[in-house]
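> Just dropping this structure here.
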Amino acid sequence: MASITKKSQFIGTGCLIQILGLLLLFVFPIGTIIGILLLITGSRLKVKLVCSECGNKIDGKEVKLCPTCKADFSTTSEIAELEPDNIDKIIDV
Ligand SMILES: [Zn+2]
């Protein structure tokens, strides 16, 4: 059965952006603000949605039909939360 799958990209642009963001956190105050923004941006880039059938990128979890192979996602249950919540913990510290 076709479903939308989460795919993390640990080595990639999102990861590089997060490393840069972490370094900038120590450059108070402007770097801290930019750093937090980069961490949030990086976390979004790190997780992408793909079709379980063809592996192609899906624009959002609300998509009901794969644009590439026309697999039907509407019958499958909700996918897990998209955003890794460790970013919020970093900001809280
Ligand atoms: Zn597909």
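Labeling convention for the structure tokens: chains A, B, ... as they appear, residues from 1 per chain, ligands from 1 in order of appearance.
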Kindly work out which residues sit at most 10 Å from ligand 1, using only C-alpha atoms and all ligand atoms, and give the list as a PDB file with N, CA and C atoms, in the first residue's frame.

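Saved to pocket-v7.pdb:
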```
ATOM      1  N   ALA A   2       0.520   2.198  -0.802  1.00  0.00           N
ATOM      2  CA  ALA A   2       1.316   3.422  -0.922  1.00  0.00           C
ATOM      3  C   ALA A   2       1.121   4.329   0.283  1.00  0.00           C
ATOM      4  N   SER A   3       2.185   4.946   0.685  1.00  0.00           N
ATOM      5  CA  SER A   3       2.081   5.915   1.771  1.00  0.00           C
ATOM      6  C   SER A   3       3.162   6.977   1.603  1.00  0.00           C
ATOM      7  N   ILE A   4       2.987   8.069   2.353  1.00  0.00           N
ATOM      8  CA  ILE A   4       4.001   9.119   2.352  1.00  0.00           C
ATOM      9  C   ILE A   4       5.033   8.783   3.420  1.00  0.00           C
ATOM     10  N   VAL A  50       8.652  11.605   0.929  1.00  0.00           N
ATOM     11  CA  VAL A  50       8.771  10.908  -0.348  1.00  0.00           C
ATOM     12  C   VAL A  50       7.656   9.878  -0.479  1.00  0.00           C
ATOM     13  N   CYS A  51       7.358   9.510  -1.715  1.00  0.00           N
ATOM     14  CA  CYS A  51       6.384   8.466  -2.005  1.00  0.00           C
ATOM     15  C   CYS A  51       7.008   7.106  -1.713  1.00  0.00           C
ATOM     16  N   SER A  52       6.251   6.242  -1.011  1.00  0.00           N
ATOM     17  CA  SER A  52       6.799   4.924  -0.677  1.00  0.00           C
ATOM     18  C   SER A  52       6.894   4.024  -1.902  1.00  0.00           C
ATOM     19  N   GLU A  53       6.166   4.357  -2.947  1.00  0.00           N
ATOM     20  CA  GLU A  53       6.150   3.528  -4.140  1.00  0.00           C
ATOM     21  C   GLU A  53       7.300   3.856  -5.085  1.00  0.00           C
ATOM     22  N   CYS A  54       7.478   5.138  -5.394  1.00  0.00           N
ATOM     23  CA  CYS A  54       8.468   5.507  -6.402  1.00  0.00           C
ATOM     24  C   CYS A  54       9.639   6.291  -5.827  1.00  0.00           C
ATOM     25  N   GLY A  55       9.528   6.740  -4.570  1.00  0.00           N
ATOM     26  CA  GLY A  55      10.642   7.442  -3.939  1.00  0.00           C
ATOM     27  C   GLY A  55      10.774   8.898  -4.340  1.00  0.00           C
ATOM     28  N   ASN A  56       9.813   9.414  -5.077  1.00  0.00           N
ATOM     29  CA  ASN A  56       9.889  10.812  -5.483  1.00  0.00           C
ATOM     30  C   ASN A  56       9.355  11.729  -4.400  1.00  0.00           C
ATOM     31  N   LYS A  57       9.799  12.986  -4.448  1.00  0.00           N
ATOM     32  CA  LYS A  57       9.468  13.971  -3.439  1.00  0.00           C
ATOM     33  C   LYS A  57       7.984  14.322  -3.466  1.00  0.00           C
ATOM     34  N   ILE A  58       7.385  14.449  -2.255  1.00  0.00           N
ATOM     35  CA  ILE A  58       6.001  14.875  -2.101  1.00  0.00           C
ATOM     36  C   ILE A  58       6.007  16.258  -1.457  1.00  0.00           C
ATOM     37  N   LEU A  65      -2.343  12.249  -3.814  1.00  0.00           N
ATOM     38  CA  LEU A  65      -1.971  11.435  -4.964  1.00  0.00           C
ATOM     39  C   LEU A  65      -0.518  11.758  -5.338  1.00  0.00           C
ATOM     40  N   CYS A  66       0.271  10.725  -5.538  1.00  0.00           N
ATOM     41  CA  CYS A  66       1.657  10.956  -5.942  1.00  0.00           C
ATOM     42  C   CYS A  66       1.683  11.596  -7.329  1.00  0.00           C
ATOM     43  N   PRO A  67       2.376  12.741  -7.482  1.00  0.00           N
ATOM     44  CA  PRO A  67       2.404  13.408  -8.790  1.00  0.00           C
ATOM     45  C   PRO A  67       3.170  12.609  -9.833  1.00  0.00           C
ATOM     46  N   THR A  68       4.000  11.690  -9.397  1.00  0.00           N
ATOM     47  CA  THR A  68       4.844  10.945 -10.337  1.00  0.00           C
ATOM     48  C   THR A  68       4.223   9.611 -10.755  1.00  0.00           C
ATOM     49  N   CYS A  69       3.837   8.789  -9.748  1.00  0.00           N
ATOM     50  CA  CYS A  69       3.346   7.453 -10.106  1.00  0.00           C
ATOM     51  C   CYS A  69       1.854   7.284  -9.826  1.00  0.00           C
ATOM     52  N   LYS A  70       1.199   8.385  -9.377  1.00  0.00           N
ATOM     53  CA  LYS A  70      -0.249   8.375  -9.132  1.00  0.00           C
ATOM     54  C   LYS A  70      -0.681   7.411  -8.024  1.00  0.00           C
ATOM     55  N   ALA A  71       0.214   7.052  -7.135  1.00  0.00           N
ATOM     56  CA  ALA A  71      -0.160   6.203  -6.008  1.00  0.00           C
ATOM     57  C   ALA A  71      -1.117   6.973  -5.102  1.00  0.00           C
ATOM     58  N   ASP A  72      -2.077   6.267  -4.545  1.00  0.00           N
ATOM     59  CA  ASP A  72      -3.115   6.894  -3.724  1.00  0.00           C
ATOM     60  C   ASP A  72      -2.722   6.849  -2.249  1.00  0.00           C
ATOM     61  N   PHE A  73      -2.575   8.048  -1.636  1.00  0.00           N
ATOM     62  CA  PHE A  73      -2.195   8.104  -0.227  1.00  0.00           C
ATOM     63  C   PHE A  73      -3.412   8.255   0.688  1.00  0.00           C
TER      64      PHE A  73
END
```
> Pick from A:Leu23, A:Ile33, A:Val63, A:Ile17: nearest to Leu45 in chain A, with only C-alpha atoms counted?
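Comparing A:Leu23, A:Ile33, A:Val63, A:Ile17 against Leu45 in chain A, the winner is A:Ile17.
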> So how far away is CA of Gln18 in chain A from CA of Ile40 in chain A, in Å?
7.9 Å
